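Text of the file target_28.txt, holding compact mmCIF, C-alpha atoms and all ligand atoms:
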```
# COMPACT_ATOMS: atom_id res chain seq x y z
CA MET A 1 -15.37 7.11 -8.14
CA LYS A 2 -12.04 5.60 -7.15
CA ILE A 3 -12.76 3.27 -4.24
CA GLY A 4 -10.35 1.28 -2.08
CA ILE A 5 -11.84 -1.92 -0.59
CA VAL A 6 -10.28 -3.66 2.40
CA CYS A 7 -11.53 -7.11 3.43
CA TYR A 8 -10.53 -10.59 4.54
CA PRO A 9 -9.72 -12.39 1.31
CA THR A 10 -10.79 -15.80 2.62
CA PHE A 11 -13.96 -17.89 2.23
CA GLY A 12 -15.89 -15.95 4.92
CA GLY A 13 -19.06 -14.10 4.00
CA SER A 14 -17.58 -10.65 4.58
CA GLY A 15 -14.85 -11.27 2.00
CA VAL A 16 -17.38 -12.65 -0.47
CA VAL A 17 -19.66 -9.62 -0.04
CA ALA A 18 -16.74 -7.18 -0.39
CA THR A 19 -15.46 -8.95 -3.50
CA GLU A 20 -18.86 -9.14 -5.19
CA LEU A 21 -19.49 -5.49 -4.31
CA GLY A 22 -16.16 -4.48 -5.84
CA LYS A 23 -16.88 -6.40 -9.05
CA ALA A 24 -20.35 -4.84 -9.31
CA LEU A 25 -18.94 -1.34 -8.77
CA VAL A 26 -16.45 -1.93 -11.58
CA GLU A 27 -19.35 -3.00 -13.84
CA LYS A 28 -20.99 0.35 -13.03
CA GLY A 29 -17.87 2.19 -14.22
CA HIS A 30 -16.12 2.89 -10.92
CA GLN A 31 -12.46 2.13 -10.35
CA VAL A 32 -11.92 -0.35 -7.51
CA HIS A 33 -8.69 -1.12 -5.66
CA PHE A 34 -8.64 -4.21 -3.43
CA ILE A 35 -6.13 -3.89 -0.62
CA THR A 36 -5.78 -7.28 1.12
CA TYR A 37 -3.13 -9.76 2.29
CA SER A 38 -3.89 -12.17 -0.54
CA GLN A 39 -6.03 -12.28 -3.65
CA PRO A 40 -9.71 -12.53 -2.54
CA VAL A 41 -10.97 -16.03 -3.39
CA ARG A 42 -13.79 -14.83 -5.62
CA LEU A 43 -11.79 -12.19 -7.49
CA GLU A 44 -11.56 -14.22 -10.70
CA TYR A 45 -12.46 -11.17 -12.78
CA PHE A 46 -10.58 -8.97 -15.20
CA SER A 47 -11.04 -5.28 -15.93
CA GLU A 48 -8.82 -2.27 -16.48
CA ASN A 49 -10.77 -0.70 -13.60
CA LEU A 50 -9.90 -3.40 -11.08
CA VAL A 51 -6.58 -3.31 -9.26
CA TYR A 52 -5.24 -5.59 -6.55
CA HIS A 53 -2.67 -4.39 -4.00
CA GLU A 54 -1.09 -6.99 -1.75
CA VAL A 55 -0.38 -6.17 1.88
CA SER A 56 2.73 -8.18 2.72
CA VAL A 57 3.96 -8.31 6.28
CA SER A 58 7.68 -8.98 6.45
CA ASP A 59 9.01 -11.42 8.97
CA TYR A 60 11.44 -10.21 11.62
CA PRO A 61 12.69 -12.35 14.54
CA LEU A 62 11.87 -9.64 17.11
CA PHE A 63 8.16 -9.87 16.28
CA GLU A 64 6.40 -12.74 17.90
CA TYR A 65 3.25 -11.26 16.31
CA GLN A 66 3.56 -9.42 12.99
CA PRO A 67 2.20 -5.83 13.09
CA TYR A 68 -0.40 -6.46 10.36
CA GLU A 69 -2.60 -3.50 11.22
CA LEU A 70 0.30 -1.07 10.93
CA VAL A 71 1.44 -2.52 7.63
CA LEU A 72 -2.13 -2.29 6.33
CA SER A 73 -2.34 1.37 7.43
CA CYS A 74 0.88 2.20 5.59
CA LYS A 75 -0.30 0.35 2.49
CA LEU A 76 -3.55 2.34 2.60
CA VAL A 77 -1.59 5.58 2.84
CA ASP A 78 0.46 4.56 -0.18
CA VAL A 79 -2.47 3.42 -2.33
CA VAL A 80 -4.70 6.40 -1.48
CA LYS A 81 -1.89 8.81 -2.25
CA TYR A 82 -0.56 7.34 -5.47
CA GLU A 83 -3.80 6.01 -6.93
CA LYS A 84 -5.64 9.19 -5.87
CA LEU A 85 -8.53 7.30 -4.27
CA ASP A 86 -11.72 9.14 -3.34
CA LEU A 87 -12.73 6.93 -0.43
CA LEU A 88 -12.01 3.71 1.46
CA HIS A 89 -14.60 1.06 2.25
CA VAL A 90 -13.44 -1.40 4.91
CA HIS A 91 -15.26 -4.66 5.64
CA TYR A 92 -15.16 -6.16 9.16
CA ALA A 93 -14.27 -3.79 11.97
CA ILE A 94 -11.27 -5.64 13.37
CA PRO A 95 -8.67 -4.43 12.55
CA HIS A 96 -9.68 -2.81 9.27
CA ALA A 97 -11.58 0.15 10.73
CA SER A 98 -8.75 1.17 13.04
CA ALA A 99 -6.18 0.70 10.25
CA ALA A 100 -8.27 2.98 8.02
CA TYR A 101 -8.52 5.55 10.83
CA MET A 102 -4.75 5.58 11.23
CA ALA A 103 -4.22 5.92 7.46
CA LYS A 104 -6.70 8.78 7.41
CA GLN A 105 -4.80 10.61 10.15
CA ILE A 106 -1.41 10.08 8.48
CA LEU A 107 -2.78 11.36 5.18
CA ALA A 108 -4.43 14.35 6.89
CA SER A 109 -1.02 15.31 8.26
CA GLN A 110 0.13 15.45 4.62
CA GLY A 111 -2.87 17.53 3.52
CA ILE A 112 -4.76 14.65 1.89
CA HIS A 113 -8.32 14.00 3.00
CA ILE A 114 -9.73 10.49 2.66
CA PRO A 115 -13.09 9.48 4.15
CA PHE A 116 -13.69 5.85 5.11
CA ILE A 117 -16.80 3.71 5.46
CA THR A 118 -16.90 0.72 7.80
CA THR A 119 -19.21 -2.21 7.14
CA LEU A 120 -19.93 -4.40 10.17
CA HIS A 121 -20.44 -8.03 9.19
CA GLY A 122 -21.18 -9.98 12.33
CA THR A 123 -18.57 -11.79 14.34
CA ASP A 124 -16.57 -8.55 14.55
CA ILE A 125 -19.45 -7.39 16.79
CA THR A 126 -21.11 -10.51 18.16
CA LEU A 127 -18.14 -12.73 18.98
CA VAL A 128 -14.72 -11.12 18.74
CA GLY A 129 -16.23 -7.77 19.59
CA LYS A 130 -17.55 -9.18 22.84
CA ASP A 131 -14.01 -9.63 24.15
CA PRO A 132 -13.97 -6.56 26.42
CA SER A 133 -10.34 -5.82 25.63
CA PHE A 134 -11.33 -4.86 22.06
CA GLU A 135 -14.19 -2.59 23.12
CA PRO A 136 -12.42 0.80 23.28
CA ALA A 137 -10.67 0.34 19.92
CA ILE A 138 -13.80 -0.87 18.12
CA THR A 139 -15.97 1.85 19.63
CA PHE A 140 -13.44 4.50 18.67
CA ALA A 141 -13.03 3.21 15.11
CA ILE A 142 -16.81 3.00 14.58
CA ASN A 143 -17.44 6.47 16.01
CA ASN A 144 -14.67 7.92 13.84
CA SER A 145 -15.70 6.26 10.59
CA ASP A 146 -17.23 8.70 8.11
CA ALA A 147 -20.14 6.28 7.75
CA VAL A 148 -20.99 2.87 9.17
CA THR A 149 -23.18 0.17 7.67
CA SER A 150 -24.38 -3.14 9.07
CA VAL A 151 -25.70 -6.07 7.07
CA SER A 152 -28.93 -6.41 9.08
CA GLU A 153 -31.18 -4.63 11.59
CA SER A 154 -30.26 -7.36 14.06
CA LEU A 155 -26.55 -6.57 13.77
CA LYS A 156 -27.28 -2.87 14.18
CA ARG A 157 -29.11 -3.65 17.46
CA ASP A 158 -26.26 -5.93 18.60
CA THR A 159 -23.74 -3.17 17.91
CA TYR A 160 -25.58 -0.64 20.07
CA ASN A 161 -26.13 -3.28 22.80
CA ASN A 162 -22.57 -4.62 22.88
CA PHE A 163 -20.92 -1.21 22.45
CA PRO A 164 -22.89 1.27 24.57
CA ASN A 165 -20.51 4.10 23.71
CA VAL A 166 -21.11 3.78 19.97
CA LYS A 167 -22.94 6.97 19.01
CA LYS A 168 -22.59 6.74 15.25
CA ASP A 169 -25.65 6.38 13.06
CA ILE A 170 -25.60 2.90 11.49
CA HIS A 171 -27.09 2.44 8.00
CA VAL A 172 -28.49 -1.03 7.36
CA ILE A 173 -27.57 -2.26 3.88
CA PRO A 174 -28.41 -5.94 3.49
CA ASN A 175 -26.18 -8.41 1.71
CA PHE A 176 -27.04 -9.21 -1.88
CA ILE A 177 -26.95 -11.84 -4.56
CA CYS A 178 -26.34 -11.84 -8.29
CA LEU A 179 -29.11 -14.11 -9.58
CA GLU A 180 -27.48 -14.31 -13.02
CA ASP A 181 -24.75 -16.47 -11.47
CA TYR A 182 -27.37 -19.10 -10.64
CA GLN A 183 -28.68 -19.80 -14.14
CA PHE A 184 -27.59 -23.30 -15.22
CA ASP A 185 -28.63 -25.74 -17.88
CA ASN A 186 -28.87 -29.50 -17.30
CA LYS A 187 -25.36 -30.10 -18.61
CA THR A 188 -23.40 -28.77 -15.62
CA LYS A 189 -20.45 -30.79 -14.35
CA CYS A 190 -22.18 -31.23 -11.00
CA GLN A 191 -25.12 -33.63 -11.28
CA LYS A 192 -27.52 -34.69 -8.52
CA LYS A 193 -27.17 -38.38 -9.35
CA MET A 194 -23.49 -38.25 -8.35
CA TYR A 195 -24.50 -37.74 -4.74
CA ALA A 196 -28.02 -39.14 -4.64
CA PRO A 197 -27.78 -42.07 -7.09
CA ASN A 198 -31.06 -43.72 -6.07
CA GLY A 199 -33.27 -40.65 -6.15
CA GLU A 200 -32.69 -39.77 -2.49
CA ARG A 201 -33.44 -36.24 -1.26
CA LEU A 202 -30.27 -34.17 -1.09
CA MET A 203 -29.50 -31.81 1.79
CA ILE A 204 -26.55 -29.42 1.92
CA HIS A 205 -24.67 -27.33 4.46
CA VAL A 206 -22.03 -24.71 3.62
CA SER A 207 -19.92 -23.00 6.27
CA ASN A 208 -16.49 -22.42 7.74
CA PHE A 209 -17.08 -25.20 10.31
CA ARG A 210 -16.58 -22.95 13.31
CA LYS A 211 -18.26 -23.58 16.67
CA VAL A 212 -20.80 -20.80 16.03
CA LYS A 213 -22.21 -22.84 13.11
CA ARG A 214 -23.20 -25.82 15.32
CA VAL A 215 -22.50 -28.25 12.48
CA GLU A 216 -23.20 -31.12 14.87
CA ASP A 217 -26.85 -30.01 14.81
CA VAL A 218 -26.76 -30.28 11.01
CA LEU A 219 -25.74 -33.93 11.40
CA ARG A 220 -28.40 -34.59 14.03
CA VAL A 221 -31.14 -33.06 11.88
CA PHE A 222 -29.92 -35.04 8.86
CA ASP A 223 -29.85 -38.26 10.86
CA LYS A 224 -33.46 -37.79 11.96
CA VAL A 225 -34.63 -36.99 8.44
CA ARG A 226 -32.86 -39.90 6.73
CA LYS A 227 -34.58 -42.32 9.10
CA VAL A 228 -37.92 -41.19 7.60
CA ILE A 229 -36.98 -40.19 4.04
CA PRO A 230 -34.04 -41.69 2.09
CA SER A 231 -31.58 -38.79 2.01
CA LYS A 232 -27.98 -37.78 1.48
CA LEU A 233 -26.04 -34.81 2.83
CA ILE A 234 -23.31 -32.71 1.19
CA LEU A 235 -20.96 -30.71 3.40
CA VAL A 236 -19.14 -27.79 1.77
CA GLY A 237 -16.37 -25.89 3.56
CA ASP A 238 -13.83 -26.69 6.20
CA GLY A 239 -12.68 -25.40 9.56
CA PRO A 240 -11.71 -26.15 13.14
CA GLU A 241 -14.78 -28.24 14.01
CA ARG A 242 -14.11 -30.87 11.34
CA PRO A 243 -12.63 -33.50 13.71
CA ASN A 244 -15.70 -33.29 15.99
CA ILE A 245 -17.99 -33.54 12.99
CA GLU A 246 -16.21 -36.63 11.70
CA LYS A 247 -16.43 -38.19 15.16
CA LEU A 248 -20.18 -37.57 15.31
CA CYS A 249 -20.66 -38.97 11.78
CA ARG A 250 -19.09 -42.21 12.99
CA GLU A 251 -21.14 -42.29 16.19
CA LEU A 252 -24.38 -41.74 14.28
CA ASP A 253 -23.23 -44.14 11.56
CA THR A 254 -24.10 -41.58 8.88
CA CYS A 255 -20.71 -41.49 7.09
CA ASN A 256 -21.93 -43.44 4.05
CA ASP A 257 -24.72 -40.94 3.48
CA ILE A 258 -22.51 -37.84 3.71
CA ARG A 259 -20.09 -36.39 1.18
CA SER A 260 -17.60 -33.70 2.21
CA LEU A 261 -16.52 -31.56 -0.73
CA GLY A 262 -14.17 -29.19 1.12
CA LYS A 263 -13.80 -25.54 0.24
CA ILE A 264 -15.47 -24.57 -3.04
CA VAL A 265 -14.87 -21.08 -4.42
CA ASN A 266 -18.17 -20.83 -6.33
CA PRO A 267 -20.73 -23.11 -4.68
CA GLU A 268 -23.60 -22.17 -7.04
CA GLN A 269 -23.58 -25.40 -9.06
CA VAL A 270 -23.49 -27.74 -6.11
CA LEU A 271 -26.18 -25.71 -4.35
CA SER A 272 -28.39 -25.99 -7.40
CA ILE A 273 -28.61 -29.80 -7.15
CA ALA A 274 -29.77 -29.73 -3.50
CA ASP A 275 -33.32 -30.01 -2.14
CA LEU A 276 -32.78 -28.37 1.24
CA PHE A 277 -30.18 -26.17 2.93
CA LEU A 278 -29.43 -26.63 6.64
CA LEU A 279 -28.07 -23.74 8.71
CA THR A 280 -28.12 -24.42 12.45
CA SER A 281 -25.96 -21.51 13.67
CA GLU A 282 -25.90 -20.17 17.19
CA THR A 283 -25.99 -16.74 15.58
CA GLU A 284 -25.80 -15.25 12.08
CA SER A 285 -25.77 -11.52 11.54
CA PHE A 286 -27.26 -12.16 8.11
CA GLY A 287 -26.64 -15.67 6.78
CA LEU A 288 -25.29 -15.08 3.29
CA ALA A 289 -25.08 -18.86 2.83
CA ALA A 290 -28.87 -19.09 3.26
CA LEU A 291 -29.39 -16.36 0.66
CA GLU A 292 -27.06 -18.14 -1.78
CA ALA A 293 -29.07 -21.34 -1.26
CA MET A 294 -32.36 -19.58 -1.96
CA ALA A 295 -30.88 -18.01 -5.09
CA ALA A 296 -30.22 -21.58 -6.23
CA LYS A 297 -33.93 -22.39 -5.54
CA VAL A 298 -33.14 -24.31 -2.36
CA PRO A 299 -35.39 -23.78 0.69
CA VAL A 300 -33.71 -23.25 4.06
CA ILE A 301 -34.10 -24.95 7.43
CA SER A 302 -32.34 -22.68 9.92
CA THR A 303 -32.29 -21.28 13.39
CA ASN A 304 -34.16 -18.05 14.05
CA SER A 305 -31.15 -16.28 15.53
CA GLY A 306 -29.61 -12.92 14.63
CA GLY A 307 -30.49 -11.60 11.19
CA LEU A 308 -31.82 -14.88 9.76
CA PRO A 309 -35.49 -13.81 10.16
CA GLU A 310 -34.64 -10.84 7.90
CA VAL A 311 -33.43 -13.25 5.20
CA VAL A 312 -35.65 -16.35 5.40
CA THR A 313 -39.45 -16.07 5.60
CA ASN A 314 -40.79 -18.72 7.98
CA GLY A 315 -43.22 -21.12 6.32
CA TYR A 316 -42.54 -19.64 2.87
CA SER A 317 -38.90 -19.98 1.82
CA GLY A 318 -38.12 -22.45 4.60
CA TYR A 319 -38.60 -22.79 8.34
CA MET A 320 -36.78 -21.37 11.36
CA SER A 321 -36.50 -22.89 14.85
CA ASN A 322 -34.85 -22.03 18.14
CA VAL A 323 -31.13 -22.72 18.37
CA GLY A 324 -30.56 -26.41 19.19
CA ASP A 325 -34.14 -27.54 18.52
CA VAL A 326 -33.06 -30.33 16.17
CA ASP A 327 -36.38 -32.19 16.59
CA GLU A 328 -38.38 -29.29 15.22
CA MET A 329 -35.85 -28.64 12.46
CA ALA A 330 -36.03 -32.31 11.39
CA ALA A 331 -39.86 -32.27 11.48
CA ASN A 332 -39.89 -29.12 9.33
CA ALA A 333 -37.39 -30.64 6.90
CA ILE A 334 -39.54 -33.77 6.57
CA SER A 335 -42.66 -31.68 5.97
CA ILE A 336 -40.95 -30.06 2.98
CA LEU A 337 -39.21 -33.14 1.61
CA LYS A 338 -41.96 -35.72 1.88
CA ASP A 339 -44.02 -34.41 -0.99
CA ASP A 340 -42.81 -33.33 -4.45
CA SER A 341 -45.43 -30.62 -4.84
CA VAL A 342 -44.65 -29.10 -1.41
CA LEU A 343 -40.94 -29.21 -2.18
CA ASN A 344 -41.44 -27.57 -5.57
CA GLN A 345 -43.55 -24.81 -4.01
CA PHE A 346 -40.85 -24.11 -1.38
CA LYS A 347 -38.17 -24.10 -4.10
CA ALA A 348 -40.12 -21.52 -6.10
CA ASN A 349 -40.73 -19.46 -2.95
CA ALA A 350 -37.03 -19.59 -2.05
CA TYR A 351 -36.16 -18.10 -5.42
CA GLU A 352 -38.80 -15.36 -5.03
CA GLN A 353 -37.37 -14.56 -1.60
CA ALA A 354 -33.83 -14.32 -3.02
CA LYS A 355 -35.05 -11.79 -5.61
CA LYS A 356 -35.59 -9.28 -2.79
CA PHE A 357 -31.80 -9.19 -2.37
CA GLU A 358 -30.87 -8.87 -6.05
CA ILE A 359 -27.68 -6.88 -6.43
CA SER A 360 -29.42 -4.30 -8.64
CA LYS A 361 -31.57 -3.35 -5.62
CA ILE A 362 -28.71 -3.15 -3.11
CA LEU A 363 -25.80 -1.64 -5.08
CA PRO A 364 -27.45 1.80 -5.37
CA MET A 365 -27.66 1.95 -1.56
CA TYR A 366 -23.87 1.73 -1.35
CA GLU A 367 -23.38 4.17 -4.23
CA ASP A 368 -25.74 6.69 -2.58
CA LEU A 369 -23.86 6.38 0.69
CA TYR A 370 -20.52 6.89 -1.08
CA LYS A 371 -21.87 10.06 -2.73
CA LYS A 372 -23.24 11.34 0.59
CA VAL A 373 -19.93 10.75 2.37
CA LEU A 374 -17.96 12.42 -0.43
CA ALA A 375 -20.30 15.43 -0.42
CA GLU A 376 -20.06 15.73 3.38
CA SER A 377 -16.30 15.58 3.28
CA GLY A 378 -16.16 18.31 0.61
CA LYS A 379 -14.72 16.02 -2.11
O1 LIG A 401 -18.24 -15.84 10.97
C1 LIG A 401 -18.54 -16.12 9.84
O2 LIG A 401 -19.35 -16.94 9.48
C2 LIG A 401 -17.85 -15.36 8.75
C3 LIG A 401 -18.32 -13.96 8.80
C4 LIG A 401 -17.45 -13.10 7.98
O3 LIG A 401 -17.11 -12.04 8.44
O4 LIG A 401 -17.08 -13.45 6.89
O5 LIG A 401 -19.70 -13.97 8.41
C5 LIG A 401 -20.46 -12.91 8.85
O6 LIG A 401 -20.63 -12.06 7.74
C6 LIG A 401 -21.43 -12.57 6.67
C7 LIG A 401 -21.45 -11.55 5.54
O7 LIG A 401 -22.01 -10.34 5.93
C8 LIG A 401 -22.83 -12.89 7.19
O8 LIG A 401 -23.63 -13.40 6.15
C9 LIG A 401 -22.71 -13.94 8.31
O9 LIG A 401 -23.99 -14.17 8.84
C10 LIG A 401 -21.78 -13.43 9.40
N1 LIG A 401 -21.51 -14.54 10.34
C11 LIG A 401 -21.97 -14.51 11.58
O10 LIG A 401 -22.61 -13.58 12.05
C12 LIG A 401 -21.66 -15.72 12.40
```
Once you've parsed the file, please lay out its structure as structure tokens.
Amino acid sequence: MKIGIVCYPTFGGSGVVATELGKALVEKGHQVHFITYSQPVRLEYFSENLVYHEVSVSDYPLFEYQPYELVLSCKLVDVVKYEKLDLLHVHYAIPHASAAYMAKQILASQGIHIPFITTLHGTDITLVGKDPSFEPAITFAINNSDAVTSVSESLKRDTYNNFPNVKKDIHVIPNFICLEDYQFDNKTKCQKKMYAPNGERLMIHVSNFRKVKRVEDVLRVFDKVRKVIPSKLILVGDGPERPNIEKLCRELDTCNDIRSLGKIVNPEQVLSIADLFLLTSETESFGLAALEAMAAKVPVISTNSGGLPEVVTNGYSGYMSNVGDVDEMAANAISILKDDSVLNQFKANAYEQAKKFEISKILPMYEDLYKKVLAESGK
């Protein structure tokens, strides 16, 4: 198949999922065209069946806001037509689904039929999607997609709850992991002793430091744990909440026990040296970061919001608590970290849990959906 993939090329989970999906499809012999405004961060991959098309929005003084969606639609028209694509797969509803719809209509007027699949990732539905002014456009784009997927049952429920006029059947296809990427020997550049020189336990948090992640709760949990068990914390990522996080580090006097590593394209190595992953989000449609941690044999302490209970098994691969319950999260973290044998059991369980989301199990779900959509559209 010749598949066009549209996504945000940044560090967010939806871009990572789209990129890894594209690479896996190429491995299976499909031809994949990424159509994005910059090279996706994890697209460090070469194949004659992988093509990147940049969407560049030209600057013009009249535009206070550049018409990105329109430019994307026109780029889709161009790529579909000249690369003879079979279908488009757009990740994140806003504005990718409506851009795909417009491209589809333009192409139809020229006698070219292109079906498109929309994958809902989370904040397109739970946060941005809640802004009522977006509702008609998102509802319309979802209802007019040839197929719609969501990354969890929880997100599917949220979509029907937040968008009562959505009538489209939503297929749940969970996010996935390539476990091969997590096989390291002891000679990796990233060593635990760099960050925990005196044998401390090592905790880690990875996110885009937005409000929804409640990174302050990560610091509060860490602070409670380090008072009982000598510990260090690694923060990976960056985002708008950083100044507040730094302020809280100073207030709690935890700065000397925390290392910020900034944005890391492939966090597998640094994850693999950690003992525990902290994810304190207000909501997560899935929590790809938690899955990546488990793939690196790191148990997860998280909230029980959104799709996280579909990813983490409570009391097995980690523990989940109500949003904001930092006391319980700290107590759970201590119960795992205080004993080597308990920690090792949770690490092994985390890896077993991650195996359920191995890419080889999930990729066929997308391929089957592509085939179904192509058959239904007479291609
Ligand atoms: O908001 C973010 O954290 C980024 C966002 C995205 O679109 O990249 O992440 C969402 O999609 C990920 C991939 O499907 C999920 O693993 C995240 O849970 C989800 N984030 C939220 O729901 C907050």
What's the 6 Å shell around range 349-360 of chain A, counting only C-alpha atoms, without same-chain residues fewer than 6 positions away, as number ranges by chain?
A: 176-178, 294-295, 297, 299, 317
Sorted by chain and rising residue number, which residues of chain A lie within 8 Å of ligand LIG 401 (chain A), and what are their closest atom pairs and distances in Å to one decimal, counting all atoms listed in the file, as CSV?
```
residue,atom,partner,partner_atom,distance
A:Tyr8,CA,A:LIG401,O4,7.5
A:Thr10,CA,A:LIG401,O4,8.0
A:Phe11,CA,A:LIG401,O4,7.2
A:Gly12,CA,A:LIG401,O4,3.4
A:Gly13,CA,A:LIG401,O4,3.6
A:Ser14,CA,A:LIG401,O4,3.7
A:Gly15,CA,A:LIG401,O4,5.8
A:Val16,CA,A:LIG401,C7,7.3
A:Val17,CA,A:LIG401,C7,6.2
A:Tyr92,CA,A:LIG401,O3,6.2
A:Leu120,CA,A:LIG401,O7,7.6
A:His121,CA,A:LIG401,O6,4.3
A:Gly122,CA,A:LIG401,O10,3.9
A:Thr123,CA,A:LIG401,O10,5.0
A:Asp124,CA,A:LIG401,O3,7.1
A:Thr126,CA,A:LIG401,O10,7.0
A:Val151,CA,A:LIG401,O7,5.8
A:Asn175,CA,A:LIG401,O7,6.2
A:Ser207,CA,A:LIG401,O2,6.9
A:Asn208,CA,A:LIG401,O2,6.4
A:Arg210,CA,A:LIG401,O2,7.6
A:Val212,CA,A:LIG401,C12,6.3
A:Lys213,CA,A:LIG401,C12,7.2
A:Ser281,CA,A:LIG401,C12,7.3
A:Glu282,CA,A:LIG401,C12,7.8
A:Thr283,CA,A:LIG401,C12,5.5
A:Glu284,CA,A:LIG401,O10,3.6
A:Ser285,CA,A:LIG401,O10,3.8
A:Phe286,CA,A:LIG401,O9,3.9
A:Gly287,CA,A:LIG401,O9,3.7
A:Leu288,CA,A:LIG401,O8,3.7
A:Ala289,CA,A:LIG401,O8,6.6
A:Gly306,CA,A:LIG401,O10,7.5
A:Gly307,CA,A:LIG401,O9,7.4
A:Leu308,CA,A:LIG401,O9,7.9
```
Would you export the selected residues with C-alpha atoms as an mmCIF file, in the frame of the given file, please?
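The resulting file, selection-v1.cif, is shown below:
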```
data_model
loop_
_atom_site.group_PDB
_atom_site.id
_atom_site.type_symbol
_atom_site.label_atom_id
_atom_site.label_comp_id
_atom_site.auth_asym_id
_atom_site.auth_seq_id
_atom_site.Cartn_x
_atom_site.Cartn_y
_atom_site.Cartn_z
ATOM 1 C CA TYR A 8 -10.530 -10.590 4.540
ATOM 2 C CA THR A 10 -10.790 -15.800 2.620
ATOM 3 C CA PHE A 11 -13.960 -17.890 2.230
ATOM 4 C CA GLY A 12 -15.890 -15.950 4.920
ATOM 5 C CA GLY A 13 -19.060 -14.100 4.000
ATOM 6 C CA SER A 14 -17.580 -10.650 4.580
ATOM 7 C CA GLY A 15 -14.850 -11.270 2.000
ATOM 8 C CA VAL A 16 -17.380 -12.650 -0.470
ATOM 9 C CA VAL A 17 -19.660 -9.620 -0.040
ATOM 10 C CA TYR A 92 -15.160 -6.160 9.160
ATOM 11 C CA LEU A 120 -19.930 -4.400 10.170
ATOM 12 C CA HIS A 121 -20.440 -8.030 9.190
ATOM 13 C CA GLY A 122 -21.180 -9.980 12.330
ATOM 14 C CA THR A 123 -18.570 -11.790 14.340
ATOM 15 C CA ASP A 124 -16.570 -8.550 14.550
ATOM 16 C CA THR A 126 -21.110 -10.510 18.160
ATOM 17 C CA VAL A 151 -25.700 -6.070 7.070
ATOM 18 C CA ASN A 175 -26.180 -8.410 1.710
ATOM 19 C CA SER A 207 -19.920 -23.000 6.270
ATOM 20 C CA ASN A 208 -16.490 -22.420 7.740
ATOM 21 C CA ARG A 210 -16.580 -22.950 13.310
ATOM 22 C CA VAL A 212 -20.800 -20.800 16.030
ATOM 23 C CA LYS A 213 -22.210 -22.840 13.110
ATOM 24 C CA SER A 281 -25.960 -21.510 13.670
ATOM 25 C CA GLU A 282 -25.900 -20.170 17.190
ATOM 26 C CA THR A 283 -25.990 -16.740 15.580
ATOM 27 C CA GLU A 284 -25.800 -15.250 12.080
ATOM 28 C CA SER A 285 -25.770 -11.520 11.540
ATOM 29 C CA PHE A 286 -27.260 -12.160 8.110
ATOM 30 C CA GLY A 287 -26.640 -15.670 6.780
ATOM 31 C CA LEU A 288 -25.290 -15.080 3.290
ATOM 32 C CA ALA A 289 -25.080 -18.860 2.830
ATOM 33 C CA GLY A 306 -29.610 -12.920 14.630
ATOM 34 C CA GLY A 307 -30.490 -11.600 11.190
ATOM 35 C CA LEU A 308 -31.820 -14.880 9.760
#
```
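Closest approach to Asp146 in chain A among A:Val265, A:Met1, A:Val373, A:Leu233 is made by A:Val373 (distances from all atoms listed in the file).
Minimum distance to Ser154 in chain A across A:Glu310, A:Glu27, A:Glu180, A:Asp253 (counting all atoms listed in the file) occurs at A:Glu310.
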If we count only C-alpha atoms, what is near Ile125 in chain A at a cut-off of 12 Å, once residues fewer than 6 positions away on the same chain are taken out, given as a PyMOL selection string?
chain A and resi 92-95+119+131-132+134-135+138-139+142+150-151+154-163+166+283-285+306
